[in-house]
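Following: one structure in C-alpha coordinates, then a few remarks.
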Amino acid sequence: MVRTRRDGRERVPPHPEVGAIGLQQVLEALVDPVRRGIVADLYASDRDISCGGFDVPVSRSTATHHFHVLREAGLIRQYYVGTSRMNALRREEFEAAFPGLLPALVGGRGRA
(Lines give C-alpha, C1' and ligand atoms only; values in the text may rest on other atoms or scores of the structure.)
Protein backbone atom coordinates (compact mmCIF):
# COMPACT_ATOMS: atom_id res chain seq x y z
CA MET A 1 0.00 0.00 0.00
CA VAL A 2 1.35 3.43 -0.94
CA ARG A 3 1.02 5.99 1.79
CA THR A 4 -0.41 9.37 0.87
CA ARG A 5 -0.15 12.77 2.43
CA ARG A 6 -3.11 14.73 3.71
CA ASP A 7 -3.36 16.53 0.38
CA GLY A 8 -3.74 13.16 -1.40
CA ARG A 9 -0.31 13.11 -3.04
CA GLU A 10 1.92 10.08 -2.70
CA ARG A 11 4.63 10.38 -0.08
CA VAL A 12 7.20 8.44 -2.14
CA PRO A 13 8.76 10.62 -4.85
CA PRO A 14 8.62 9.39 -8.46
CA HIS A 15 11.51 7.31 -9.78
CA PRO A 16 12.38 6.88 -13.45
CA GLU A 17 12.78 3.44 -14.96
CA VAL A 18 16.49 2.69 -15.32
CA GLY A 19 15.90 1.57 -18.92
CA ALA A 20 14.73 5.11 -19.73
CA ILE A 21 17.92 6.69 -18.34
CA GLY A 22 20.77 7.53 -20.68
CA LEU A 23 24.43 7.18 -19.84
CA GLN A 24 24.91 10.92 -20.40
CA GLN A 25 22.40 11.76 -17.64
CA VAL A 26 24.12 9.38 -15.22
CA LEU A 27 27.55 10.82 -15.93
CA GLU A 28 26.26 14.39 -15.59
CA ALA A 29 24.72 13.52 -12.22
CA LEU A 30 28.02 12.09 -11.01
CA VAL A 31 30.26 14.91 -12.20
CA ASP A 32 29.70 16.61 -8.83
CA PRO A 33 31.98 15.28 -6.04
CA VAL A 34 29.22 15.51 -3.41
CA ARG A 35 26.92 13.30 -5.48
CA ARG A 36 29.76 10.87 -6.25
CA GLY A 37 30.43 10.68 -2.52
CA ILE A 38 26.79 9.89 -1.77
CA VAL A 39 26.80 7.10 -4.37
CA ALA A 40 30.13 5.76 -3.06
CA ASP A 41 28.77 5.72 0.51
CA LEU A 42 25.67 3.82 -0.61
CA TYR A 43 27.80 1.45 -2.69
CA ALA A 44 29.98 0.69 0.34
CA SER A 45 27.06 0.24 2.71
CA ASP A 46 25.14 -2.95 3.34
CA ARG A 47 22.06 -0.93 4.29
CA ASP A 48 20.03 2.02 3.06
CA ILE A 49 20.98 5.40 4.52
CA SER A 50 18.75 8.30 5.58
CA CYS A 51 19.40 11.71 4.07
CA GLY A 52 20.75 12.90 7.42
CA GLY A 53 23.12 9.96 7.64
CA PHE A 54 25.56 11.30 5.06
CA ASP A 55 28.50 13.51 5.94
CA VAL A 56 28.20 16.09 3.16
CA PRO A 57 29.92 19.49 3.20
CA VAL A 58 26.83 21.39 1.99
CA SER A 59 23.70 22.91 3.49
CA ARG A 60 20.57 20.83 3.97
CA SER A 61 18.81 22.50 1.03
CA THR A 62 21.80 21.89 -1.25
CA ALA A 63 21.95 18.26 -0.12
CA THR A 64 18.25 17.94 -0.99
CA HIS A 65 19.09 19.18 -4.49
CA HIS A 66 21.87 16.59 -4.82
CA PHE A 67 19.53 13.76 -3.77
CA HIS A 68 16.97 15.00 -6.30
CA VAL A 69 19.54 14.94 -9.12
CA LEU A 70 20.62 11.41 -8.19
CA ARG A 71 16.99 10.24 -8.04
CA GLU A 72 16.16 11.82 -11.40
CA ALA A 73 19.22 10.13 -12.91
CA GLY A 74 17.86 6.83 -11.61
CA LEU A 75 20.83 6.11 -9.36
CA ILE A 76 18.94 6.07 -6.07
CA ARG A 77 15.50 5.10 -4.83
CA GLN A 78 14.04 7.12 -1.98
CA TYR A 79 11.32 6.04 0.44
CA TYR A 80 10.16 6.92 3.93
CA VAL A 81 10.58 5.07 7.19
CA GLY A 82 8.59 7.13 9.67
CA THR A 83 9.78 10.68 9.10
CA SER A 84 13.18 9.70 7.67
CA ARG A 85 13.72 9.74 3.92
CA MET A 86 15.82 6.70 3.13
CA ASN A 87 18.14 6.29 0.16
CA ALA A 88 18.90 3.02 -1.61
CA LEU A 89 21.34 2.55 -4.45
CA ARG A 90 19.65 0.90 -7.43
CA ARG A 91 22.62 -1.46 -7.72
CA GLU A 92 21.01 -4.48 -9.39
CA GLU A 93 19.03 -2.39 -11.87
CA PHE A 94 22.13 -0.41 -12.82
CA GLU A 95 24.28 -3.49 -13.16
CA ALA A 96 21.72 -4.93 -15.60
CA ALA A 97 21.50 -1.70 -17.62
CA PHE A 98 25.14 -0.58 -17.38
CA PRO A 99 27.34 -3.58 -16.47
CA GLY A 100 30.41 -2.57 -14.47
CA LEU A 101 29.56 1.15 -14.42
CA LEU A 102 28.98 1.62 -10.68
CA PRO A 103 32.22 -0.07 -9.57
CA ALA A 104 34.12 1.98 -12.14
CA LEU A 105 32.52 5.24 -11.00
CA VAL A 106 33.21 4.75 -7.32
CA GLY A 107 36.82 3.85 -8.07
CA GLY A 108 36.71 0.41 -6.52
CA ARG A 109 35.69 1.83 -3.12
CA GLY A 110 33.24 -0.16 -1.09
CA ARG A 111 31.91 -3.65 -1.31
CA ALA A 112 31.53 -5.51 -4.59
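Every chain in the C-alpha coordinates takes a letter, A first, then B, and so on in the order presented; its residues are numbered from 1, and the ligands are numbered from 1 following the presented order.
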Each residue of segment 59-103 of chain A lying at most 8 Å from segment 30-40 of chain A should get a row with its shortest atom-to-atom pair and the distance in Å to one decimal, counting only C-alpha atoms; could you produce that, ordered by chain and increasing number, as a Markdown table?
```
| residue | atom | partner | partner_atom | distance |
| --- | --- | --- | --- | --- |
| A:His66 | CA | A:Arg35 | CA | 6.1 |
| A:Phe67 | CA | A:Arg35 | CA | 7.6 |
| A:Leu70 | CA | A:Arg35 | CA | 7.1 |
| A:Leu75 | CA | A:Val39 | CA | 7.8 |
| A:Leu89 | CA | A:Val39 | CA | 7.1 |
```
Using DSSP on the backbone coordinates, identify all residues within chain A classified as helix (DSSP H, G or I); present the result as an NGL selection string. :A and (18-20 or 23-29 or 33-44 or 51-53 or 60-72 or 91-97 or 101-105)
Produce a table with one row for each residue of segment 71-102 of chain A that has an atom at most 10 Å from any atom of segment 14-21 of chain A, each row naming the nearest atom pair and its distance in Å at one decimal; use only C-alpha atoms; arrange rows by chain and rising residue number; format as a Markdown table.
```
| residue | atom | partner | partner_atom | distance |
| --- | --- | --- | --- | --- |
| A:Arg71 | CA | A:His15 | CA | 6.5 |
| A:Glu72 | CA | A:Pro16 | CA | 6.5 |
| A:Ala73 | CA | A:Ile21 | CA | 6.6 |
| A:Gly74 | CA | A:Val18 | CA | 5.7 |
| A:Leu75 | CA | A:Val18 | CA | 8.1 |
| A:Ile76 | CA | A:His15 | CA | 8.4 |
| A:Arg77 | CA | A:His15 | CA | 6.7 |
| A:Gln78 | CA | A:His15 | CA | 8.2 |
| A:Tyr79 | CA | A:Pro14 | CA | 9.9 |
| A:Arg90 | CA | A:Val18 | CA | 8.7 |
| A:Glu93 | CA | A:Val18 | CA | 6.6 |
| A:Phe94 | CA | A:Val18 | CA | 6.9 |
| A:Ala96 | CA | A:Val18 | CA | 9.2 |
| A:Ala97 | CA | A:Gly19 | CA | 6.6 |
| A:Phe98 | CA | A:Val18 | CA | 9.5 |
```
Selection above as a file: N, CA, C and O atoms, as an mmCIF file, in the first residue's frame:
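Output file selection25.cif follows:
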```cif
data_model
loop_
_atom_site.group_PDB
_atom_site.id
_atom_site.type_symbol
_atom_site.label_atom_id
_atom_site.label_comp_id
_atom_site.auth_asym_id
_atom_site.auth_seq_id
_atom_site.Cartn_x
_atom_site.Cartn_y
_atom_site.Cartn_z
ATOM 1 N N ARG A 71 18.248 10.965 -7.828
ATOM 2 C CA ARG A 71 16.992 10.239 -8.038
ATOM 3 C C ARG A 71 16.522 10.382 -9.482
ATOM 4 O O ARG A 71 16.132 9.399 -10.117
ATOM 5 N N GLU A 72 16.587 11.586 -10.022
ATOM 6 C CA GLU A 72 16.158 11.817 -11.399
ATOM 7 C C GLU A 72 17.047 11.090 -12.410
ATOM 8 O O GLU A 72 16.596 10.722 -13.484
ATOM 9 N N ALA A 73 18.302 10.877 -12.046
ATOM 10 C CA ALA A 73 19.216 10.128 -12.910
ATOM 11 C C ALA A 73 19.039 8.620 -12.725
ATOM 12 O O ALA A 73 19.708 7.832 -13.400
ATOM 13 N N GLY A 74 18.157 8.230 -11.823
ATOM 14 C CA GLY A 74 17.861 6.826 -11.612
ATOM 15 C C GLY A 74 18.856 6.079 -10.763
ATOM 16 O O GLY A 74 18.783 4.859 -10.646
ATOM 17 N N LEU A 75 19.798 6.781 -10.147
ATOM 18 C CA LEU A 75 20.830 6.115 -9.355
ATOM 19 C C LEU A 75 20.350 5.663 -7.985
ATOM 20 O O LEU A 75 20.825 4.661 -7.459
ATOM 21 N N ILE A 76 19.425 6.417 -7.398
ATOM 22 C CA ILE A 76 18.938 6.071 -6.066
ATOM 23 C C ILE A 76 17.422 5.949 -6.066
ATOM 24 O O ILE A 76 16.729 6.511 -6.920
ATOM 25 N N ARG A 77 16.938 5.192 -5.107
ATOM 26 C CA ARG A 77 15.504 5.096 -4.834
ATOM 27 C C ARG A 77 15.308 5.655 -3.431
ATOM 28 O O ARG A 77 16.058 5.316 -2.517
ATOM 29 N N GLN A 78 14.318 6.523 -3.276
ATOM 30 C CA GLN A 78 14.038 7.120 -1.977
ATOM 31 C C GLN A 78 12.669 6.663 -1.484
ATOM 32 O O GLN A 78 11.733 6.509 -2.276
ATOM 33 N N TYR A 79 12.575 6.448 -0.184
ATOM 34 C CA TYR A 79 11.324 6.044 0.443
ATOM 35 C C TYR A 79 11.373 6.499 1.897
ATOM 36 O O TYR A 79 12.425 6.865 2.406
ATOM 37 N N ARG A 90 20.339 1.831 -6.532
ATOM 38 C CA ARG A 90 19.646 0.901 -7.431
ATOM 39 C C ARG A 90 20.686 0.004 -8.106
ATOM 40 O O ARG A 90 20.780 -0.074 -9.312
ATOM 41 N N GLU A 93 19.598 -2.963 -10.656
ATOM 42 C CA GLU A 93 19.026 -2.387 -11.874
ATOM 43 C C GLU A 93 20.119 -1.751 -12.738
ATOM 44 O O GLU A 93 20.124 -1.890 -13.956
ATOM 45 N N PHE A 94 21.045 -1.051 -12.081
ATOM 46 C CA PHE A 94 22.133 -0.411 -12.823
ATOM 47 C C PHE A 94 23.105 -1.423 -13.400
ATOM 48 O O PHE A 94 23.602 -1.241 -14.514
ATOM 49 N N ALA A 96 22.373 -4.343 -14.424
ATOM 50 C CA ALA A 96 21.721 -4.934 -15.595
ATOM 51 C C ALA A 96 21.759 -3.978 -16.790
ATOM 52 O O ALA A 96 21.990 -4.396 -17.924
ATOM 53 N N ALA A 97 21.547 -2.690 -16.530
ATOM 54 C CA ALA A 97 21.501 -1.701 -17.622
ATOM 55 C C ALA A 97 22.890 -1.247 -18.064
ATOM 56 O O ALA A 97 23.128 -1.028 -19.251
ATOM 57 N N PHE A 98 23.798 -1.090 -17.106
ATOM 58 C CA PHE A 98 25.144 -0.580 -17.383
ATOM 59 C C PHE A 98 26.169 -1.458 -16.660
ATOM 60 O O PHE A 98 26.715 -1.056 -15.628
#
```
Between A:Val81, A:Val106, A:Val12, A:Leu101, smallest distance to Asp41 of chain A by only C-alpha atoms belongs to A:Val106
Residues of chain A classed as strand (DSSP E) by DSSP on the backbone are to be reported as a list in words.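 Output for chain A, strand (DSSP E) only: Ile49, Ser50, Ile76, Arg77, Gln78, Tyr79, Tyr80, Val81, Ser84, Arg85, Met86, Asn87, Ala88 and Leu89 of chain A.
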Pick from A:Ala88, A:Val69, A:Leu42, A:Leu102 nearest to Phe54 of chain A, counting only C-alpha atoms: A:Leu42
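If only C-alpha atoms are the atoms counted, then among A:Leu105, A:Met86, A:Arg60, A:Gly22 the closest residue to Asp48 of chain A is A:Met86.
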